[in-house]
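Chemist: Just one file: data_28.pdb, with PDB, C-alpha atoms.
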ATOM      1  CA  MET A   9      59.120  91.104  91.848  1.00  0.00           C
ATOM      2  CA  ALA A  10      55.901  89.880  90.226  1.00  0.00           C
ATOM      3  CA  ASN A  11      57.070  86.310  89.503  1.00  0.00           C
ATOM      4  CA  SER A  12      59.212  85.719  92.556  1.00  0.00           C
ATOM      5  CA  SER A  13      58.114  83.596  95.463  1.00  0.00           C
ATOM      6  CA  PRO A  14      58.440  84.473  99.171  1.00  0.00           C
ATOM      7  CA  TYR A  15      60.669  81.388  99.492  1.00  0.00           C
ATOM      8  CA  GLN A  16      63.146  82.798  96.971  1.00  0.00           C
ATOM      9  CA  GLU A  17      63.028  86.116  98.840  1.00  0.00           C
ATOM     10  CA  ARG A  18      63.775  84.370 102.151  1.00  0.00           C
ATOM     11  CA  TYR A  19      66.625  82.385 100.625  1.00  0.00           C
ATOM     12  CA  TRP A  20      68.087  85.640  99.307  1.00  0.00           C
ATOM     13  CA  LYS A  21      67.826  87.239 102.756  1.00  0.00           C
ATOM     14  CA  GLU A  22      69.411  84.221 104.451  1.00  0.00           C
ATOM     15  CA  LEU A  23      72.287  84.314 101.973  1.00  0.00           C
ATOM     16  CA  PHE A  24      72.796  88.051 102.450  1.00  0.00           C
ATOM     17  CA  GLU A  25      72.806  87.664 106.229  1.00  0.00           C
ATOM     18  CA  LEU A  26      75.389  84.908 105.939  1.00  0.00           C
ATOM     19  CA  ARG A  27      77.590  87.132 103.741  1.00  0.00           C
ATOM     20  CA  VAL A  28      77.317  89.963 106.297  1.00  0.00           C
ATOM     21  CA  HIS A  29      78.215  87.586 109.139  1.00  0.00           C
ATOM     22  CA  VAL A  30      81.296  86.337 107.294  1.00  0.00           C
ATOM     23  CA  ASN A  31      82.418  89.952 106.778  1.00  0.00           C
ATOM     24  CA  TYR A  32      81.573  90.796 110.389  1.00  0.00           C
ATOM     25  CA  LEU A  33      83.651  87.913 111.741  1.00  0.00           C
ATOM     26  CA  GLU A  34      86.602  88.893 109.530  1.00  0.00           C
ATOM     27  CA  ARG A  35      86.546  92.350 111.057  1.00  0.00           C
ATOM     28  CA  TYR A  36      85.987  90.977 114.557  1.00  0.00           C
ATOM     29  CA  MET A  37      89.019  88.738 114.144  1.00  0.00           C
ATOM     30  CA  GLU A  38      91.167  91.589 112.840  1.00  0.00           C
ATOM     31  CA  GLU A  39      90.203  93.789 115.781  1.00  0.00           C
ATOM     32  CA  SER A  40      90.824  91.051 118.356  1.00  0.00           C
ATOM     33  CA  GLU A  41      94.207  90.334 116.767  1.00  0.00           C
ATOM     34  CA  LEU A  42      95.141  94.014 116.823  1.00  0.00           C
ATOM     35  CA  ILE A  43      94.278  94.371 120.523  1.00  0.00           C
ATOM     36  CA  ASP A  44      96.011  91.103 121.448  1.00  0.00           C
ATOM     37  CA  ASN A  45      99.165  92.055 119.537  1.00  0.00           C
ATOM     38  CA  SER A  46      99.166  95.558 121.014  1.00  0.00           C
ATOM     39  CA  ILE A  47      99.020  94.151 124.546  1.00  0.00           C
ATOM     40  CA  ASN A  48     101.872  91.729 123.822  1.00  0.00           C
ATOM     41  CA  ILE A  49     104.011  94.421 122.215  1.00  0.00           C
ATOM     42  CA  PHE A  50     103.389  96.790 125.127  1.00  0.00           C
ATOM     43  CA  LEU A  51     104.399  94.104 127.626  1.00  0.00           C
ATOM     44  CA  ALA A  52     107.484  93.154 125.592  1.00  0.00           C
ATOM     45  CA  VAL A  53     108.606  96.783 125.404  1.00  0.00           C
ATOM     46  CA  THR A  54     108.118  97.482 129.097  1.00  0.00           C
ATOM     47  CA  SER A  55     109.975  94.334 130.106  1.00  0.00           C
ATOM     48  CA  SER A  56     112.921  95.028 127.825  1.00  0.00           C
ATOM     49  CA  SER A  57     115.984  95.767 129.950  1.00  0.00           C
ATOM     50  CA  SER A  58     117.626  97.801 127.205  1.00  0.00           C
ATOM     51  CA  ILE A  59     114.598 100.126 126.903  1.00  0.00           C
ATOM     52  CA  CYS A  60     114.420 100.395 130.702  1.00  0.00           C
ATOM     53  CA  GLY A  61     117.969 101.642 130.644  1.00  0.00           C
ATOM     54  CA  TRP A  62     117.347 104.558 128.319  1.00  0.00           C
ATOM     55  CA  ALA A  63     118.658 107.806 129.776  1.00  0.00           C
ATOM     56  CA  ILE A  64     115.456 109.608 128.765  1.00  0.00           C
ATOM     57  CA  TRP A  65     113.578 107.907 131.633  1.00  0.00           C
ATOM     58  CA  ASN A  66     115.701 109.864 134.163  1.00  0.00           C
ATOM     59  CA  LYS A  67     113.999 112.979 132.849  1.00  0.00           C
ATOM     60  CA  TYR A  68     110.510 111.425 132.681  1.00  0.00           C
ATOM     61  CA  SER A  69     110.694 109.153 135.703  1.00  0.00           C
ATOM     62  CA  PHE A  70     107.029 109.698 136.662  1.00  0.00           C
ATOM     63  CA  LEU A  71     105.828 108.731 133.187  1.00  0.00           C
ATOM     64  CA  TRP A  72     108.010 105.619 133.236  1.00  0.00           C
ATOM     65  CA  ALA A  73     106.621 104.688 136.674  1.00  0.00           C
ATOM     66  CA  VAL A  74     103.064 104.953 135.296  1.00  0.00           C
ATOM     67  CA  ILE A  75     103.963 102.798 132.265  1.00  0.00           C
ATOM     68  CA  ILE A  76     105.564 100.149 134.475  1.00  0.00           C
ATOM     69  CA  ALA A  77     102.558 100.138 136.827  1.00  0.00           C
ATOM     70  CA  ALA A  78     100.208  99.751 133.845  1.00  0.00           C
ATOM     71  CA  SER A  79     102.274  96.895 132.417  1.00  0.00           C
ATOM     72  CA  GLN A  80     102.228  95.084 135.756  1.00  0.00           C
ATOM     73  CA  VAL A  81      98.450  95.421 135.981  1.00  0.00           C
ATOM     74  CA  ILE A  82      98.027  94.188 132.399  1.00  0.00           C
ATOM     75  CA  ASN A  83     100.376  91.278 133.076  1.00  0.00           C
ATOM     76  CA  VAL A  84      98.201  90.185 135.990  1.00  0.00           C
ATOM     77  CA  VAL A  85      94.823  90.560 134.235  1.00  0.00           C
ATOM     78  CA  LYS A  86      96.002  89.377 130.802  1.00  0.00           C
ATOM     79  CA  GLN A  87      94.880  85.793 131.352  1.00  0.00           C
ATOM     80  CA  PHE A  88      91.334  87.048 131.965  1.00  0.00           C
ATOM     81  CA  LEU A  89      91.156  89.259 128.860  1.00  0.00           C
ATOM     82  CA  PRO A  90      88.956  87.754 126.126  1.00  0.00           C
ATOM     83  CA  TYR A  91      90.885  88.800 123.001  1.00  0.00           C
ATOM     84  CA  ARG A  92      93.010  85.691 122.496  1.00  0.00           C
ATOM     85  CA  THR A  93      89.998  83.425 123.001  1.00  0.00           C
ATOM     86  CA  ARG A  94      87.924  85.541 120.624  1.00  0.00           C
ATOM     87  CA  LEU A  95      90.660  85.312 118.036  1.00  0.00           C
ATOM     88  CA  LYS A  96      90.465  81.510 118.095  1.00  0.00           C
ATOM     89  CA  THR A  97      86.655  81.468 118.269  1.00  0.00           C
ATOM     90  CA  THR A  98      86.049  83.893 115.415  1.00  0.00           C
ATOM     91  CA  GLY A  99      88.730  82.175 113.312  1.00  0.00           C
ATOM     92  CA  GLY A 100      87.032  78.797 113.703  1.00  0.00           C
ATOM     93  CA  ILE A 101      83.527  80.112 112.968  1.00  0.00           C
ATOM     94  CA  LEU A 102      84.758  82.175 110.028  1.00  0.00           C
ATOM     95  CA  LYS A 103      86.463  79.266 108.263  1.00  0.00           C
ATOM     96  CA  GLU A 104      83.351  77.073 108.417  1.00  0.00           C
ATOM     97  CA  LEU A 105      80.895  79.855 107.583  1.00  0.00           C
ATOM     98  CA  GLU A 106      82.917  80.775 104.486  1.00  0.00           C
ATOM     99  CA  GLU A 107      82.635  77.178 103.261  1.00  0.00           C
ATOM    100  CA  LEU A 108      78.910  77.219 104.014  1.00  0.00           C
ATOM    101  CA  LEU A 109      78.464  80.504 102.143  1.00  0.00           C
ATOM    102  CA  ASN A 110      80.323  79.260  99.062  1.00  0.00           C
ATOM    103  CA  SER A 111      78.324  76.081  99.010  1.00  0.00           C
ATOM    104  CA  TYR A 112      74.905  77.755  99.328  1.00  0.00           C
ATOM    105  CA  GLU A 113      75.737  80.704  97.092  1.00  0.00           C
ATOM    106  CA  THR A 114      76.308  78.155  94.320  1.00  0.00           C
ATOM    107  CA  LYS A 115      72.786  76.902  94.910  1.00  0.00           C
ATOM    108  CA  TRP A 116      71.389  80.416  94.441  1.00  0.00           C
ATOM    109  CA  PHE A 117      71.803  79.790  90.697  1.00  0.00           C
ATOM    110  CA  ASP A 118      69.191  76.998  90.839  1.00  0.00           C
ATOM    111  CA  VAL A 119      66.915  79.110  93.047  1.00  0.00           C
ATOM    112  CA  GLU A 120      67.222  82.112  90.726  1.00  0.00           C
ATOM    113  CA  ARG A 121      66.565  80.101  87.540  1.00  0.00           C
ATOM    114  CA  GLY A 122      63.414  78.603  88.983  1.00  0.00           C
ATOM    115  CA  ASP A 123      64.851  75.067  88.829  1.00  0.00           C
ATOM    116  CA  LEU A 124      63.683  74.240  92.361  1.00  0.00           C
ATOM    117  CA  LYS A 125      60.270  73.839  93.910  1.00  0.00           C
ATOM    118  CA  GLU A 126      59.182  76.056  96.811  1.00  0.00           C
ATOM    119  CA  ASP A 127      59.548  73.273  99.367  1.00  0.00           C
ATOM    120  CA  GLU A 128      63.076  72.556  98.095  1.00  0.00           C
ATOM    121  CA  ILE A 129      64.036  76.228  98.462  1.00  0.00           C
ATOM    122  CA  ASN A 130      62.535  76.287 101.941  1.00  0.00           C
ATOM    123  CA  LYS A 131      64.540  73.175 102.876  1.00  0.00           C
ATOM    124  CA  LEU A 132      67.760  74.760 101.596  1.00  0.00           C
ATOM    125  CA  GLN A 133      67.136  77.933 103.580  1.00  0.00           C
ATOM    126  CA  PHE A 134      66.683  75.997 106.801  1.00  0.00           C
ATOM    127  CA  GLU A 135      69.770  73.930 106.046  1.00  0.00           C
ATOM    128  CA  ILE A 136      71.788  77.166 106.025  1.00  0.00           C
ATOM    129  CA  ARG A 137      70.242  78.309 109.297  1.00  0.00           C
ATOM    130  CA  SER A 138      70.692  74.983 111.005  1.00  0.00           C
ATOM    131  CA  GLU A 139      74.317  74.588 109.829  1.00  0.00           C
ATOM    132  CA  LYS A 140      75.094  78.117 110.945  1.00  0.00           C
ATOM    133  CA  THR A 141      73.686  77.533 114.428  1.00  0.00           C
ATOM    134  CA  LYS A 142      75.693  74.309 114.756  1.00  0.00           C
ATOM    135  CA  ILE A 143      78.931  76.011 113.684  1.00  0.00           C
ATOM    136  CA  VAL A 144      78.469  78.962 116.038  1.00  0.00           C
ATOM    137  CA  GLN A 145      77.566  76.731 118.984  1.00  0.00           C
ATOM    138  CA  LYS A 146      80.497  74.405 118.292  1.00  0.00           C
ATOM    139  CA  HIS A 147      83.096  77.169 118.357  1.00  0.00           C
ATOM    140  CA  LEU A 148      81.531  79.645 120.760  1.00  0.00           C
ATOM    141  CA  GLY A 149      80.649  77.164 123.501  1.00  0.00           C
ATOM    142  CA  THR A 150      80.175  79.111 126.709  1.00  0.00           C
ATOM    143  CA  ASN A 151      82.123  82.142 125.474  1.00  0.00           C
ATOM    144  CA  THR A 152      80.507  85.384 124.397  1.00  0.00           C
ATOM    145  CA  LEU A 153      80.867  87.550 121.342  1.00  0.00           C
ATOM    146  CA  PRO A 154      79.485  90.964 122.330  1.00  0.00           C
ATOM    147  CA  GLU A 155      77.842  92.792 119.460  1.00  0.00           C
ATOM    148  CA  LYS A 156      79.920  95.529 117.830  1.00  0.00           C
ATOM    149  CA  GLY A 157      77.641  97.849 115.879  1.00  0.00           C
ATOM    150  CA  ARG A 158      80.525  99.617 114.122  1.00  0.00           C
ATOM    151  CA  LEU A 159      81.888  96.350 112.731  1.00  0.00           C
ATOM    152  CA  LEU A 160      78.404  95.219 111.727  1.00  0.00           C
ATOM    153  CA  ARG A 161      77.844  98.426 109.751  1.00  0.00           C
ATOM    154  CA  LYS A 162      81.164  97.981 107.921  1.00  0.00           C
ATOM    155  CA  ALA A 163      80.369  94.325 107.241  1.00  0.00           C
ATOM    156  CA  LYS A 164      77.002  95.275 105.776  1.00  0.00           C
ATOM    157  CA  GLU A 165      78.500  97.963 103.568  1.00  0.00           C
ATOM    158  CA  ALA A 166      81.041  95.454 102.212  1.00  0.00           C
ATOM    159  CA  ALA A 167      78.262  92.912 101.570  1.00  0.00           C
ATOM    160  CA  GLU A 168      76.209  95.530  99.691  1.00  0.00           C
ATOM    161  CA  ILE A 169      79.212  96.302  97.467  1.00  0.00           C
ATOM    162  CA  TYR A 170      79.629  92.572  96.799  1.00  0.00           C
ATOM    163  CA  ILE A 171      75.946  92.219  95.873  1.00  0.00           C
ATOM    164  CA  LYS A 172      76.125  95.260  93.604  1.00  0.00           C
ATOM    165  CA  ASN A 173      79.226  93.917  91.853  1.00  0.00           C
ATOM    166  CA  PHE A 174      78.052  90.346  91.345  1.00  0.00           C
ATOM    167  CA  TYR A 175      74.255  90.468  91.372  1.00  0.00           C
ATOM    168  CA  GLY A 176      73.485  94.075  90.361  1.00  0.00           C
ATOM    169  CA  GLU A 177      72.053  95.155  87.037  1.00  0.00           C
TER     170      GLU A 177
ATOM    171  CA  MET B 225      42.150 119.056 158.755  1.00  0.00           C
ATOM    172  CA  SER B 226      41.237 119.386 155.124  1.00  0.00           C
ATOM    173  CA  ASP B 227      39.494 116.718 153.091  1.00  0.00           C
ATOM    174  CA  THR B 228      41.604 117.464 150.028  1.00  0.00           C
ATOM    175  CA  LYS B 229      44.369 115.183 151.182  1.00  0.00           C
ATOM    176  CA  LYS B 230      45.707 113.457 148.101  1.00  0.00           C
ATOM    177  CA  THR B 231      46.114 109.702 147.996  1.00  0.00           C
ATOM    178  CA  PRO B 232      49.707 108.739 147.240  1.00  0.00           C
ATOM    179  CA  GLN B 233      50.278 107.864 143.616  1.00  0.00           C
ATOM    180  CA  PRO B 234      52.260 104.758 142.714  1.00  0.00           C
ATOM    181  CA  PRO B 235      55.738 105.647 141.423  1.00  0.00           C
ATOM    182  CA  LYS B 236      56.027 105.958 137.664  1.00  0.00           C
ATOM    183  CA  PRO B 237      58.117 103.230 136.045  1.00  0.00           C
ATOM    184  CA  GLN B 238      61.615 104.520 135.400  1.00  0.00           C
ATOM    185  CA  PRO B 239      63.457 103.826 132.127  1.00  0.00           C
ATOM    186  CA  PRO B 240      66.355 101.391 132.614  1.00  0.00           C
ATOM    187  CA  ARG B 241      69.547 103.023 133.709  1.00  0.00           C
ATOM    188  CA  PRO B 242      72.136 103.165 130.901  1.00  0.00           C
ATOM    189  CA  MET B 243      74.743 101.059 132.705  1.00  0.00           C
ATOM    190  CA  LEU B 244      72.249  98.329 133.518  1.00  0.00           C
ATOM    191  CA  SER B 245      70.925  98.186 129.971  1.00  0.00           C
ATOM    192  CA  LYS B 246      74.508  98.056 128.667  1.00  0.00           C
ATOM    193  CA  LEU B 247      75.276  95.163 130.978  1.00  0.00           C
ATOM    194  CA  LYS B 248      72.085  93.399 129.890  1.00  0.00           C
ATOM    195  CA  THR B 249      73.046  93.840 126.251  1.00  0.00           C
ATOM    196  CA  PHE B 250      76.513  92.480 126.968  1.00  0.00           C
ATOM    197  CA  THR B 251      75.228  89.356 128.637  1.00  0.00           C
ATOM    198  CA  GLU B 252      72.305  88.699 126.310  1.00  0.00           C
ATOM    199  CA  LYS B 253      73.876  89.152 122.889  1.00  0.00           C
ATOM    200  CA  ARG B 254      76.408  86.406 122.570  1.00  0.00           C
ATOM    201  CA  GLY B 255      76.092  85.161 119.019  1.00  0.00           C
ATOM    202  CA  LEU B 256      75.885  86.780 115.612  1.00  0.00           C
ATOM    203  CA  PRO B 257      73.699  89.900 115.442  1.00  0.00           C
ATOM    204  CA  PRO B 258      70.630  90.049 113.169  1.00  0.00           C
ATOM    205  CA  VAL B 259      70.951  91.961 109.897  1.00  0.00           C
ATOM    206  CA  ASP B 260      68.240  94.351 108.723  1.00  0.00           C
ATOM    207  CA  GLN B 261      67.491  95.884 105.338  1.00  0.00           C
ATOM    208  CA  THR B 262      68.545  93.316 102.775  1.00  0.00           C
ATOM    209  CA  PRO B 263      69.263  94.699  99.286  1.00  0.00           C
ATOM    210  CA  GLU B 264      66.588  94.033  96.709  1.00  0.00           C
ATOM    211  CA  MET B 265      66.629  90.552  95.227  1.00  0.00           C
ATOM    212  CA  PRO B 266      67.766  90.410  91.578  1.00  0.00           C
ATOM    213  CA  PRO B 267      65.156  89.315  88.985  1.00  0.00           C
ATOM    214  CA  VAL B 268      64.339  85.608  89.300  1.00  0.00           C
ATOM    215  CA  LYS B 269      62.200  83.074  87.471  1.00  0.00           C
ATOM    216  CA  PRO B 270      59.256  81.646  89.430  1.00  0.00           C
ATOM    217  CA  PRO B 271      59.974  78.349  91.203  1.00  0.00           C
ATOM    218  CA  LYS B 272      58.834  75.026  89.733  1.00  0.00           C
ATOM    219  CA  LYS B 273      55.313  73.982  90.533  1.00  0.00           C
ATOM    220  CA  ALA B 274      54.995  71.284  93.178  1.00  0.00           C
TER     221      ALA B 274
END
How would this structure read if it were set down as structure tokens?
Modeler:
Amino acid sequence: MANSSPYQERYWKELFELRVHVNYLERYMEESELIDNSINIFLAVTSSSSICGWAIWNKYSFLWAVIIAASQVINVVKQFLPYRTRLKTTGGILKELEELLNSYETKWFDVERGDLKEDEINKLQFEIRSEKTKIVQKHLGTNTLPEKGRLLRKAKEAAEIYIKNFYGE
Amino acid sequence: MSDTKKTPQPPKPQPPRPMLSKLKTFTEKRGLPPVDQTPEMPPVKPPKKA
């Protein structure tokens, strides 16, 4: 863009990255919830006395023994699995990042119309970055959020659709 | 004895083993991943002069 400034370009990139991260965390949360629920359902089913009593297990006693062994192992290690913690962590980060995104996407209007000076745009961009770091550190603490490339790709695709719909020609 | 005895070469550096690099990735990346290839910025007016 002939008339654009590198500061406007950077603000745009920062905003896009924030949108992708919001989408990414939504998907991360959904996946963690799915795994956590699946574990709980599996444990509930295997500990149900009525299901244990099904006549079909007489025929497939080996399979039932394997299922029971698996459920006992999961029951023991469950407290060390990260999914429940990740659910809380991603939920907390997501809520605050969504607010941040809405707030700074509103300011894109001023950036786009050329109502701000370069140093003001630069300041806004670093406000986003600094707020984002604070939010992530506050909720993540000493926990980890291993990168999931598949979720990141989906998040980026969704963000590109959003940009096309609201900022495209 | 021949004089053509070769001097031992230092071992070539090996690429990291997949499991180790996976473990490194797991421990190093703990926040939000960087995003590449941003879509093109829509047309904008130039910023105000300072």
Chemist: Determine, counting all atoms listed in the file, which protein, DNA and RNA residues have an atom within 8 Å of an atom of A:Leu51; residues of the same chain fewer than 5 positions away are not included. Present the result as a PyMOL selection string.
Modeler: chain A and resi 79+82-83
Chemist: List the residues matched by the PyMOL selection byres ((chain A) within 9 of (chain B)) in the displayed structure as an NGL selection string, ordered by chain and then by residue number.
Modeler: :A and (9-13 or 15-17 or 20-21 or 24-25 or 28-29 or 32-33 or 119-127 or 129 or 144-145 or 148 or 151-157 or 160 or 164 or 168 or 171-172 or 175-177)
Chemist: I'd like the contact shell of A:Ile59 - 12 Å cut-off, only C-alpha atoms, skipping same-chain residues fewer than 6 positions apart - returned as a ChimeraX atom specification.
Modeler: /A:50-53,65,72,76
Chemist: Would you put the residues from that selection into a file with C-alpha atoms, as a compact mmCIF listing (two decimals), in the frame of the given file?
Modeler:
# COMPACT_ATOMS: atom_id res chain seq x y z
CA PHE A 50 103.39 96.79 125.13
CA LEU A 51 104.40 94.10 127.63
CA ALA A 52 107.48 93.15 125.59
CA VAL A 53 108.61 96.78 125.40
CA TRP A 65 113.58 107.91 131.63
CA TRP A 72 108.01 105.62 133.24
CA ILE A 76 105.56 100.15 134.48
Chemist: What's the separation between atom CA of A:Leu71 and atom CA of A:Ile43, in Å to one decimal place?
Modeler: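 Between these atoms lies a distance of 22.4 Å.
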Chemist: Mind pulling up the distance from atom CA of A:Gln133 to atom CA of A:Thr114?
Modeler: 13.0 Å
Chemist: To one decimal in Å, tell me the separation between atom CA of A:Ile136 and atom CA of A:Thr98.
Modeler: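 Atom-to-atom, atom CA of A:Ile136 and atom CA of A:Thr98 are spaced 18.4 Å apart.
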Chemist: Within 12 Å of stretch 102-106 of chain A, counting only C-alpha atoms, which residues show up once you throw out same-chain ones fewer than 4 positions away? Write them as a VMD selection string, please.
Modeler: (chain A and resid 23 25 to 38 94 to 98 110 to 113 136 to 144 146 to 148) or (chain B and resid 256)
Chemist: Which residue gives the smallest distance to A:Ser55 among A:Glu39, A:Ala163, A:Ala78, A:Ser69, with all atoms listed in the file counted?
Modeler: A:Ala78
